[in-house]
Amino acid sequence: DLFDALVAKYEKRTKAEISDTAAAAIAEFVNDSTGSGKLGIGKMELRGNQKDLASLLLFSPSFLASRFRVLTGASLLGGNFETRRIIVEEYTRILAGYAALFALAAALQGDDEEEMELDPRGGGWLRMDFGATSVDLMAGLNSMATFLTRTITGETKTKDGIKAIRGEDADMGQSWIDIAQRFARGKLSPGAGFAVNRLTGTDALGRKETALQGVQRMVTPITFGAAWDIGMEEPANRSAALIPAAFLGVGTNTTRPKDASALKDASRFFGFEP
């Protein structure tokens, strides 16, 4: 696997058996890049029951932590010069792979699709549109990168331009607190998200949500729900490509009509009037 390959590279270059410290640094990188980041800093880490408790509040806390750690290069802090060199080489290889993936995806886009957002302060950074479906090819790094960039710069990008999110210049509903709240709500576990939605009467995007819609959203597997939305809104040729991609783990978000419902979807699917 990747860990064994990187250890073998390390030992070949140094002509010595890898130390525990170096192996730990490489292991951290491998875990971060595969979505299993550690929950904590240094020796302070959530494990066992503590990790299970975190899962009651957050959806896949280890994955969330891994996105932060990948973007900040946390695994470069440990180890030694050679482990850092190997990790930087892996980052370079990953970036090259993403470049090829984006080039291929761009070639498949239609001429009438919106241009990809290149400013990380804007919503939908590096997401690609195919009809009514937005595709995330960055394995969940987009939203974390956007949140961190907005936090560091104190700015967000909207359709009206660059806006401040701190101080008196921040627009109502667009302060850092508002942005952090929406980001946090989007990372809640299904149970925690359902509870917060019931208290506010809206989902994480501010859309009105009934209790029945909340239950339906909570019990429907994410991938199945994404595939269903694609099938309902996209033509057959596009669905044939996007649905398998969704089942392979590619993040998709399909814009549905405001009045969309399970009953109306069933009527379209089976060809009868509700």
# chains A, B, ... in the order shown; residues from 1 in each chain; ligands from 1
>>> residues_around(residues="region 118-127 of chain A", least_positions_apart="6", cutoff="8 Å", atoms="only C-alpha atoms", output="list of chain:residue names")
A:Ser134, A:Val135, A:Asp136, A:Leu137, A:Met138, A:Asn142, A:Ser143, A:Ala145, A:Thr146, A:Phe147, A:Thr149, A:Arg150, A:Glu155, A:Thr156, A:Lys157, A:Thr158
>>> residues_around(residues="Leu205 (chain A)", least_positions_apart="2", cutoff="10 Å", atoms="only C-alpha atoms", output="list in words")
Arg182, Phe183, Arg185, Gly186, Thr202, Asp203, Arg207 and Lys208 of chain A
>>> write_last_selection(atoms="all heavy atoms", output="mmCIF file, in the first residue's frame")
data_model
loop_
_atom_site.group_PDB
_atom_site.id
_atom_site.type_symbol
_atom_site.label_atom_id
_atom_site.label_comp_id
_atom_site.auth_asym_id
_atom_site.auth_seq_id
_atom_site.Cartn_x
_atom_site.Cartn_y
_atom_site.Cartn_z
ATOM 1 N N ARG A 182 -22.878 28.495 9.243
ATOM 2 C CA ARG A 182 -23.313 27.689 8.104
ATOM 3 C C ARG A 182 -22.329 26.562 7.821
ATOM 4 O O ARG A 182 -22.731 25.440 7.489
ATOM 5 C CB ARG A 182 -23.485 28.582 6.872
ATOM 6 C CG ARG A 182 -24.694 29.499 6.939
ATOM 7 C CD ARG A 182 -25.008 30.104 5.585
ATOM 8 N NE ARG A 182 -23.976 31.030 5.148
ATOM 9 C CZ ARG A 182 -23.984 32.341 5.413
ATOM 10 N NH1 ARG A 182 -24.970 32.871 6.127
ATOM 11 N NH2 ARG A 182 -23.022 33.123 4.956
ATOM 12 N N PHE A 183 -21.047 26.856 7.959
ATOM 13 C CA PHE A 183 -20.027 25.823 7.744
ATOM 14 C C PHE A 183 -20.193 24.701 8.765
ATOM 15 O O PHE A 183 -20.175 23.517 8.406
ATOM 16 C CB PHE A 183 -18.636 26.442 7.862
ATOM 17 C CG PHE A 183 -17.518 25.447 7.752
ATOM 18 C CD1 PHE A 183 -17.102 24.977 6.510
ATOM 19 C CD2 PHE A 183 -16.878 24.983 8.889
ATOM 20 C CE1 PHE A 183 -16.076 24.050 6.415
ATOM 21 C CE2 PHE A 183 -15.837 24.065 8.794
ATOM 22 C CZ PHE A 183 -15.441 23.599 7.556
ATOM 23 N N ARG A 185 -22.872 23.889 10.512
ATOM 24 C CA ARG A 185 -24.125 23.146 10.319
ATOM 25 C C ARG A 185 -23.997 22.140 9.184
ATOM 26 O O ARG A 185 -24.595 21.066 9.222
ATOM 27 C CB ARG A 185 -25.276 24.111 10.034
ATOM 28 C CG ARG A 185 -25.774 24.837 11.264
ATOM 29 C CD ARG A 185 -27.033 25.623 10.968
ATOM 30 N NE ARG A 185 -28.170 24.771 10.629
ATOM 31 C CZ ARG A 185 -29.389 25.220 10.388
ATOM 32 N NH1 ARG A 185 -29.630 26.520 10.452
ATOM 33 N NH2 ARG A 185 -30.373 24.392 10.095
ATOM 34 N N GLY A 186 -23.200 22.483 8.185
ATOM 35 C CA GLY A 186 -23.006 21.570 7.069
ATOM 36 C C GLY A 186 -22.175 20.350 7.426
ATOM 37 O O GLY A 186 -22.131 19.383 6.660
ATOM 38 N N THR A 202 -35.298 25.467 9.396
ATOM 39 C CA THR A 202 -34.641 25.522 8.084
ATOM 40 C C THR A 202 -33.478 24.541 8.056
ATOM 41 O O THR A 202 -33.011 24.078 9.100
ATOM 42 C CB THR A 202 -34.092 26.932 7.793
ATOM 43 O OG1 THR A 202 -33.095 27.257 8.780
ATOM 44 C CG2 THR A 202 -35.201 27.965 7.847
ATOM 45 N N ASP A 203 -33.006 24.233 6.826
ATOM 46 C CA ASP A 203 -31.832 23.375 6.718
ATOM 47 C C ASP A 203 -30.570 24.234 6.770
ATOM 48 O O ASP A 203 -30.634 25.444 7.016
ATOM 49 C CB ASP A 203 -31.889 22.535 5.434
ATOM 50 C CG ASP A 203 -31.848 23.379 4.158
ATOM 51 O OD1 ASP A 203 -31.556 24.589 4.240
ATOM 52 O OD2 ASP A 203 -32.117 22.829 3.073
ATOM 53 N N ARG A 207 -33.055 26.967 3.772
ATOM 54 C CA ARG A 207 -34.322 26.618 3.122
ATOM 55 C C ARG A 207 -35.287 26.032 4.148
ATOM 56 O O ARG A 207 -34.875 25.290 5.033
ATOM 57 C CB ARG A 207 -34.075 25.608 1.998
ATOM 58 C CG ARG A 207 -33.140 26.107 0.917
ATOM 59 C CD ARG A 207 -32.773 25.022 -0.064
ATOM 60 N NE ARG A 207 -32.104 23.899 0.593
ATOM 61 C CZ ARG A 207 -31.435 22.946 -0.050
ATOM 62 N NH1 ARG A 207 -31.368 22.982 -1.378
ATOM 63 N NH2 ARG A 207 -30.842 21.966 0.615
ATOM 64 N N LYS A 208 -36.560 26.372 4.026
ATOM 65 C CA LYS A 208 -37.555 25.829 4.948
ATOM 66 C C LYS A 208 -37.608 24.311 4.827
ATOM 67 O O LYS A 208 -37.544 23.765 3.732
ATOM 68 C CB LYS A 208 -38.927 26.428 4.655
ATOM 69 C CG LYS A 208 -39.039 27.904 5.017
ATOM 70 C CD LYS A 208 -40.460 28.419 4.806
ATOM 71 C CE LYS A 208 -40.578 29.882 5.210
ATOM 72 N NZ LYS A 208 -41.961 30.401 5.010
#
>>> closest_atom_pairs(of="region 129-244 of chain A", to="region 41-62 of chain A", cutoff="7 Å", atoms="only C-alpha atoms", output="CSV")
residue,atom,partner,partner_atom,distance
A:Lys187,CA,A:Phe59,CA,5.7
A:Leu188,CA,A:Leu58,CA,4.3
A:Ser189,CA,A:Phe59,CA,4.0
A:Ala192,CA,A:Leu57,CA,5.7
>>> write_last_selection(atoms="C-alpha atoms", output="compact mmCIF listing (two decimals), in the first residue's frame")
# COMPACT_ATOMS: atom_id res chain seq x y z
CA LYS A 187 -20.65 19.27 9.01
CA LEU A 188 -23.16 18.00 11.58
CA SER A 189 -24.08 14.33 11.82
CA ALA A 192 -27.51 16.48 15.15
>>> select_by_dssp(residues="region 72-272 of chain A", states="strand (DSSP E or B)", output="CSV table (one decimal) with N, CA, C and O atoms, in the first residue's frame")
chain,number,residue,atom,x,y,z
A,117,GLU,N,-15.5,28.7,-10.5
A,117,GLU,CA,-15.0,29.7,-9.6
A,117,GLU,C,-13.5,29.5,-9.2
A,117,GLU,O,-13.2,28.4,-8.7
A,122,GLY,N,-14.9,32.6,-2.8
A,122,GLY,CA,-16.3,32.5,-3.4
A,122,GLY,C,-16.8,31.1,-3.1
A,122,GLY,O,-16.1,30.1,-3.0
A,125,TRP,N,-16.0,27.0,-4.9
A,125,TRP,CA,-14.6,27.1,-5.5
A,125,TRP,C,-14.2,25.8,-6.1
A,125,TRP,O,-14.3,24.7,-5.5
A,127,ARG,N,-15.6,23.9,-8.1
A,127,ARG,CA,-16.6,23.0,-8.5
A,127,ARG,C,-17.0,23.2,-9.9
A,127,ARG,O,-17.0,24.3,-10.4
A,128,MET,N,-17.3,22.1,-10.6
A,128,MET,CA,-17.7,22.1,-12.0
A,128,MET,C,-19.1,21.8,-12.2
A,128,MET,O,-19.7,20.9,-11.6
A,129,ASP,N,-19.8,22.6,-13.1
A,129,ASP,CA,-21.2,22.5,-13.4
A,129,ASP,C,-21.4,21.6,-14.6
A,129,ASP,O,-20.8,21.9,-15.7
A,130,PHE,N,-22.4,20.7,-14.5
A,130,PHE,CA,-22.8,19.9,-15.6
A,130,PHE,C,-24.4,19.9,-15.5
A,130,PHE,O,-25.0,19.2,-14.8
A,133,THR,N,-26.3,20.0,-12.1
A,133,THR,CA,-25.5,19.4,-11.1
A,133,THR,C,-24.1,20.0,-11.0
A,133,THR,O,-23.4,20.2,-12.0
A,134,SER,N,-23.7,20.3,-9.7
A,134,SER,CA,-22.4,20.8,-9.4
A,134,SER,C,-21.5,19.6,-8.9
A,134,SER,O,-22.0,18.9,-8.0
A,135,VAL,N,-20.3,19.5,-9.4
A,135,VAL,CA,-19.5,18.3,-9.1
A,135,VAL,C,-18.2,18.8,-8.4
A,135,VAL,O,-17.6,19.7,-8.8
A,136,ASP,N,-18.0,18.1,-7.2
A,136,ASP,CA,-16.8,18.4,-6.4
A,136,ASP,C,-15.7,17.3,-6.7
A,136,ASP,O,-15.9,16.2,-6.3
A,155,GLU,N,-12.6,38.2,4.2
A,155,GLU,CA,-13.4,38.6,3.0
A,155,GLU,C,-14.2,37.4,2.4
A,155,GLU,O,-13.7,36.3,2.6
A,156,THR,N,-15.3,37.7,1.8
A,156,THR,CA,-16.0,36.7,1.0
A,156,THR,C,-16.3,37.3,-0.4
A,156,THR,O,-16.4,38.5,-0.5
A,157,LYS,N,-16.5,36.4,-1.3
A,157,LYS,CA,-16.9,36.8,-2.7
A,157,LYS,C,-18.3,36.4,-2.9
A,157,LYS,O,-18.7,35.3,-2.8
A,158,THR,N,-19.1,37.4,-3.3
A,158,THR,CA,-20.5,37.2,-3.7
A,158,THR,C,-20.7,37.7,-5.1
A,158,THR,O,-19.8,38.1,-5.8
A,161,GLY,N,-19.5,41.1,-5.7
A,161,GLY,CA,-18.1,41.4,-5.5
A,161,GLY,C,-17.6,41.0,-4.2
A,161,GLY,O,-18.1,40.2,-3.5
A,162,ILE,N,-16.4,41.5,-3.8
A,162,ILE,CA,-15.7,41.2,-2.6
A,162,ILE,C,-16.3,41.9,-1.4
A,162,ILE,O,-16.5,43.2,-1.5
A,163,LYS,N,-16.7,41.2,-0.4
A,163,LYS,CA,-17.3,41.8,0.8
A,163,LYS,C,-16.6,41.5,2.1
A,163,LYS,O,-16.0,40.4,2.2
A,164,ALA,N,-16.5,42.4,3.0
A,164,ALA,CA,-15.8,42.2,4.3
A,164,ALA,C,-16.8,41.4,5.2
A,164,ALA,O,-18.0,41.5,5.1
A,188,LEU,N,-22.5,18.7,10.5
A,188,LEU,CA,-23.2,18.0,11.6
A,188,LEU,C,-23.5,16.6,11.1
A,188,LEU,O,-23.8,16.3,9.9
A,202,THR,N,-35.3,25.5,9.4
A,202,THR,CA,-34.6,25.5,8.1
A,202,THR,C,-33.5,24.5,8.1
A,202,THR,O,-33.0,24.1,9.1
A,208,LYS,N,-36.6,26.4,4.0
A,208,LYS,CA,-37.6,25.8,4.9
A,208,LYS,C,-37.6,24.3,4.8
A,208,LYS,O,-37.5,23.8,3.7
A,251,GLY,N,-18.3,14.0,-5.0
A,251,GLY,CA,-19.4,14.8,-4.5
A,251,GLY,C,-20.2,15.5,-5.5
A,251,GLY,O,-19.6,16.1,-6.4
A,252,THR,N,-21.5,15.4,-5.4
A,252,THR,CA,-22.4,16.0,-6.4
A,252,THR,C,-23.5,16.8,-5.6
A,252,THR,O,-23.9,16.3,-4.6
A,253,ASN,N,-24.0,17.8,-6.2
A,253,ASN,CA,-25.1,18.6,-5.6
A,253,ASN,C,-26.0,19.1,-6.8
A,253,ASN,O,-25.6,19.9,-7.6
A,254,THR,N,-27.2,18.5,-6.9
A,254,THR,CA,-28.1,18.8,-8.0
A,254,THR,C,-29.2,19.8,-7.5
A,254,THR,O,-29.8,19.5,-6.5
>>> residues_around(residues="Arg69 (chain A)", least_positions_apart="3", cutoff="12 Å", atoms="only C-alpha atoms", output="VMD selection string")
chain A and resid 28 to 41 62 to 66 72 to 77 141 144 to 145 148
>>> residues_around(residues="Arg268 (chain A)", least_positions_apart="6", cutoff="12 Å", atoms="only C-alpha atoms", output="ChimeraX atom specification")
/A:231-233,260-262,274
>>> write_last_selection(atoms="N, CA and C atoms", output="PDB file, in the first residue's frame")
ATOM      1  N   GLY A 231     -30.795  11.705 -11.441  1.00  0.00           N
ATOM      2  CA  GLY A 231     -31.706  11.030 -12.357  1.00  0.00           C
ATOM      3  C   GLY A 231     -32.967  11.816 -12.635  1.00  0.00           C
ATOM      4  N   MET A 232     -33.422  12.593 -11.642  1.00  0.00           N
ATOM      5  CA  MET A 232     -34.644  13.366 -11.808  1.00  0.00           C
ATOM      6  C   MET A 232     -34.430  14.635 -12.640  1.00  0.00           C
ATOM      7  N   GLU A 233     -33.220  15.202 -12.597  1.00  0.00           N
ATOM      8  CA  GLU A 233     -32.988  16.511 -13.222  1.00  0.00           C
ATOM      9  C   GLU A 233     -32.119  16.483 -14.469  1.00  0.00           C
ATOM     10  N   ALA A 260     -40.167  20.400  -5.391  1.00  0.00           N
ATOM     11  CA  ALA A 260     -39.870  18.977  -5.594  1.00  0.00           C
ATOM     12  C   ALA A 260     -40.261  18.180  -4.353  1.00  0.00           C
ATOM     13  N   SER A 261     -40.824  17.008  -4.557  1.00  0.00           N
ATOM     14  CA  SER A 261     -41.227  16.146  -3.446  1.00  0.00           C
ATOM     15  C   SER A 261     -41.143  14.700  -3.894  1.00  0.00           C
ATOM     16  N   ALA A 262     -41.182  13.783  -2.919  1.00  0.00           N
ATOM     17  CA  ALA A 262     -41.119  12.360  -3.234  1.00  0.00           C
ATOM     18  C   ALA A 262     -42.309  11.941  -4.095  1.00  0.00           C
ATOM     19  N   PRO A 274     -49.998  12.819  -9.752  1.00  0.00           N
ATOM     20  CA  PRO A 274     -50.282  12.667  -8.326  1.00  0.00           C
ATOM     21  C   PRO A 274     -51.702  13.127  -7.989  1.00  0.00           C
TER      22      PRO A 274
END
>>> select_by_dssp(residues="region 63-214 of chain A", states="helix (DSSP H, G or I)", output="ChimeraX atom specification")
/A:63-72,74-77,81-108,141-153,176-186,190-200,211-214
>>> atom_distance(atom1="CA of Gly214 (chain A)", atom2="CA of Phe194 (chain A)")
6.0 Å
>>> atom_distance(atom1="CA of Leu242 (chain A)", atom2="CA of Ile94 (chain A)")
22.6 Å
>>> residues_around(residues="region 1-5 of chain A", least_positions_apart="4", cutoff="9 Å", atoms="only C-alpha atoms", output="mmCIF file with all heavy atoms, in the first residue's frame")
data_model
loop_
_atom_site.group_PDB
_atom_site.id
_atom_site.type_symbol
_atom_site.label_atom_id
_atom_site.label_comp_id
_atom_site.auth_asym_id
_atom_site.auth_seq_id
_atom_site.Cartn_x
_atom_site.Cartn_y
_atom_site.Cartn_z
ATOM 1 N N LYS A 9 10.681 3.807 -0.048
ATOM 2 C CA LYS A 9 11.398 4.914 -0.696
ATOM 3 C C LYS A 9 12.330 5.591 0.296
ATOM 4 O O LYS A 9 13.480 5.930 -0.031
ATOM 5 C CB LYS A 9 10.394 5.920 -1.254
ATOM 6 C CG LYS A 9 11.035 7.106 -1.958
ATOM 7 C CD LYS A 9 10.012 8.149 -2.358
ATOM 8 C CE LYS A 9 9.125 7.647 -3.484
ATOM 9 N NZ LYS A 9 8.241 8.746 -3.992
ATOM 10 N N TYR A 10 11.833 5.792 1.519
ATOM 11 C CA TYR A 10 12.642 6.431 2.570
ATOM 12 C C TYR A 10 13.884 5.600 2.857
ATOM 13 O O TYR A 10 15.010 6.124 2.914
ATOM 14 C CB TYR A 10 11.796 6.596 3.832
ATOM 15 C CG TYR A 10 12.531 7.204 5.001
ATOM 16 C CD1 TYR A 10 12.487 8.570 5.237
ATOM 17 C CD2 TYR A 10 13.276 6.400 5.874
ATOM 18 C CE1 TYR A 10 13.165 9.125 6.314
ATOM 19 C CE2 TYR A 10 13.959 6.950 6.948
ATOM 20 C CZ TYR A 10 13.897 8.311 7.160
ATOM 21 O OH TYR A 10 14.579 8.863 8.225
ATOM 22 N N ALA A 23 8.493 7.148 10.591
ATOM 23 C CA ALA A 23 7.353 6.316 10.188
ATOM 24 C C ALA A 23 6.042 6.965 10.614
ATOM 25 O O ALA A 23 5.042 6.922 9.881
ATOM 26 C CB ALA A 23 7.477 4.924 10.798
ATOM 27 N N ILE A 26 5.149 9.788 8.148
ATOM 28 C CA ILE A 26 4.619 9.251 6.897
ATOM 29 C C ILE A 26 3.223 8.686 7.104
ATOM 30 O O ILE A 26 2.331 8.869 6.264
ATOM 31 C CB ILE A 26 5.576 8.174 6.337
ATOM 32 C CG1 ILE A 26 6.873 8.830 5.861
ATOM 33 C CG2 ILE A 26 4.925 7.405 5.196
ATOM 34 C CD1 ILE A 26 7.919 7.864 5.370
ATOM 35 N N ALA A 27 3.001 8.018 8.241
ATOM 36 C CA ALA A 27 1.675 7.455 8.540
ATOM 37 C C ALA A 27 0.636 8.563 8.653
ATOM 38 O O ALA A 27 -0.506 8.409 8.184
ATOM 39 C CB ALA A 27 1.728 6.646 9.824
ATOM 40 N N PHE A 29 0.672 11.458 7.114
ATOM 41 C CA PHE A 29 0.366 11.927 5.770
ATOM 42 C C PHE A 29 -0.575 10.965 5.051
ATOM 43 O O PHE A 29 -1.540 11.392 4.408
ATOM 44 C CB PHE A 29 1.646 12.103 4.953
ATOM 45 C CG PHE A 29 1.383 12.301 3.489
ATOM 46 C CD1 PHE A 29 0.909 13.515 3.009
ATOM 47 C CD2 PHE A 29 1.557 11.253 2.588
ATOM 48 C CE1 PHE A 29 0.626 13.691 1.660
ATOM 49 C CE2 PHE A 29 1.281 11.425 1.235
ATOM 50 C CZ PHE A 29 0.813 12.642 0.774
ATOM 51 N N VAL A 30 -0.288 9.675 5.137
ATOM 52 C CA VAL A 30 -1.126 8.676 4.467
ATOM 53 C C VAL A 30 -2.545 8.717 5.022
ATOM 54 O O VAL A 30 -3.530 8.694 4.266
ATOM 55 C CB VAL A 30 -0.525 7.264 4.629
ATOM 56 C CG1 VAL A 30 -1.495 6.205 4.108
ATOM 57 C CG2 VAL A 30 0.808 7.167 3.887
#
>>> atom_distance(atom1="CA of Lys15 (chain A)", atom2="CA of Phe81 (chain A)")
14.6 Å
>>> decode(residues="region 201-219 of chain A", atoms="N, CA, C and O atoms", output="short mmCIF file (atom, residue, chain, number, x, y, z; two decimals), in the first residue's frame")
data_model
loop_
_atom_site.label_atom_id
_atom_site.label_comp_id
_atom_site.auth_asym_id
_atom_site.auth_seq_id
_atom_site.Cartn_x
_atom_site.Cartn_y
_atom_site.Cartn_z
N GLY A 201 -36.21 25.43 11.95
CA GLY A 201 -37.21 25.34 10.89
C GLY A 201 -36.64 25.41 9.50
O GLY A 201 -37.39 25.42 8.51
N THR A 202 -35.30 25.47 9.40
CA THR A 202 -34.64 25.52 8.08
C THR A 202 -33.48 24.54 8.06
O THR A 202 -33.01 24.08 9.10
N ASP A 203 -33.01 24.23 6.83
CA ASP A 203 -31.83 23.38 6.72
C ASP A 203 -30.57 24.23 6.77
O ASP A 203 -30.63 25.44 7.02
N ALA A 204 -29.41 23.62 6.54
CA ALA A 204 -28.14 24.34 6.66
C ALA A 204 -28.00 25.47 5.66
O ALA A 204 -27.23 26.41 5.87
N LEU A 205 -28.76 25.41 4.54
CA LEU A 205 -28.70 26.45 3.51
C LEU A 205 -29.77 27.51 3.69
O LEU A 205 -29.91 28.40 2.86
N GLY A 206 -30.54 27.41 4.77
CA GLY A 206 -31.57 28.40 5.05
C GLY A 206 -32.90 28.14 4.39
O GLY A 206 -33.81 28.98 4.45
N ARG A 207 -33.06 26.97 3.77
CA ARG A 207 -34.32 26.62 3.12
C ARG A 207 -35.29 26.03 4.15
O ARG A 207 -34.88 25.29 5.03
N LYS A 208 -36.56 26.37 4.03
CA LYS A 208 -37.55 25.83 4.95
C LYS A 208 -37.61 24.31 4.83
O LYS A 208 -37.54 23.77 3.73
N GLU A 209 -37.73 23.64 5.97
CA GLU A 209 -37.74 22.19 5.98
C GLU A 209 -38.76 21.69 6.99
O GLU A 209 -38.74 22.09 8.16
N THR A 210 -39.68 20.83 6.55
CA THR A 210 -40.66 20.24 7.45
C THR A 210 -40.04 19.05 8.17
O THR A 210 -38.98 18.56 7.80
N ALA A 211 -40.74 18.59 9.21
CA ALA A 211 -40.24 17.44 9.96
C ALA A 211 -40.16 16.20 9.07
O ALA A 211 -39.20 15.42 9.15
N LEU A 212 -41.16 16.03 8.17
CA LEU A 212 -41.16 14.88 7.27
C LEU A 212 -39.97 14.94 6.31
O LEU A 212 -39.30 13.93 6.07
N GLN A 213 -39.69 16.12 5.78
CA GLN A 213 -38.53 16.28 4.90
C GLN A 213 -37.23 16.01 5.64
O GLN A 213 -36.31 15.41 5.10
N GLY A 214 -37.19 16.43 6.90
CA GLY A 214 -36.00 16.20 7.71
C GLY A 214 -35.76 14.73 7.96
O GLY A 214 -34.63 14.25 7.87
N VAL A 215 -36.84 14.00 8.28
CA VAL A 215 -36.71 12.55 8.50
C VAL A 215 -36.27 11.86 7.22
O VAL A 215 -35.40 10.98 7.23
N GLN A 216 -36.88 12.25 6.11
CA GLN A 216 -36.52 11.66 4.82
C GLN A 216 -35.05 11.90 4.50
O GLN A 216 -34.34 11.00 4.04
N ARG A 217 -34.57 13.13 4.76
CA ARG A 217 -33.18 13.45 4.49
C ARG A 217 -32.24 12.66 5.41
O ARG A 217 -31.17 12.20 4.99
N MET A 218 -32.67 12.47 6.67
CA MET A 218 -31.83 11.81 7.65
C MET A 218 -31.65 10.32 7.37
O MET A 218 -30.59 9.76 7.57
N VAL A 219 -32.71 9.67 6.88
CA VAL A 219 -32.66 8.21 6.69
C VAL A 219 -32.22 7.81 5.28
O VAL A 219 -31.91 6.64 5.04
#
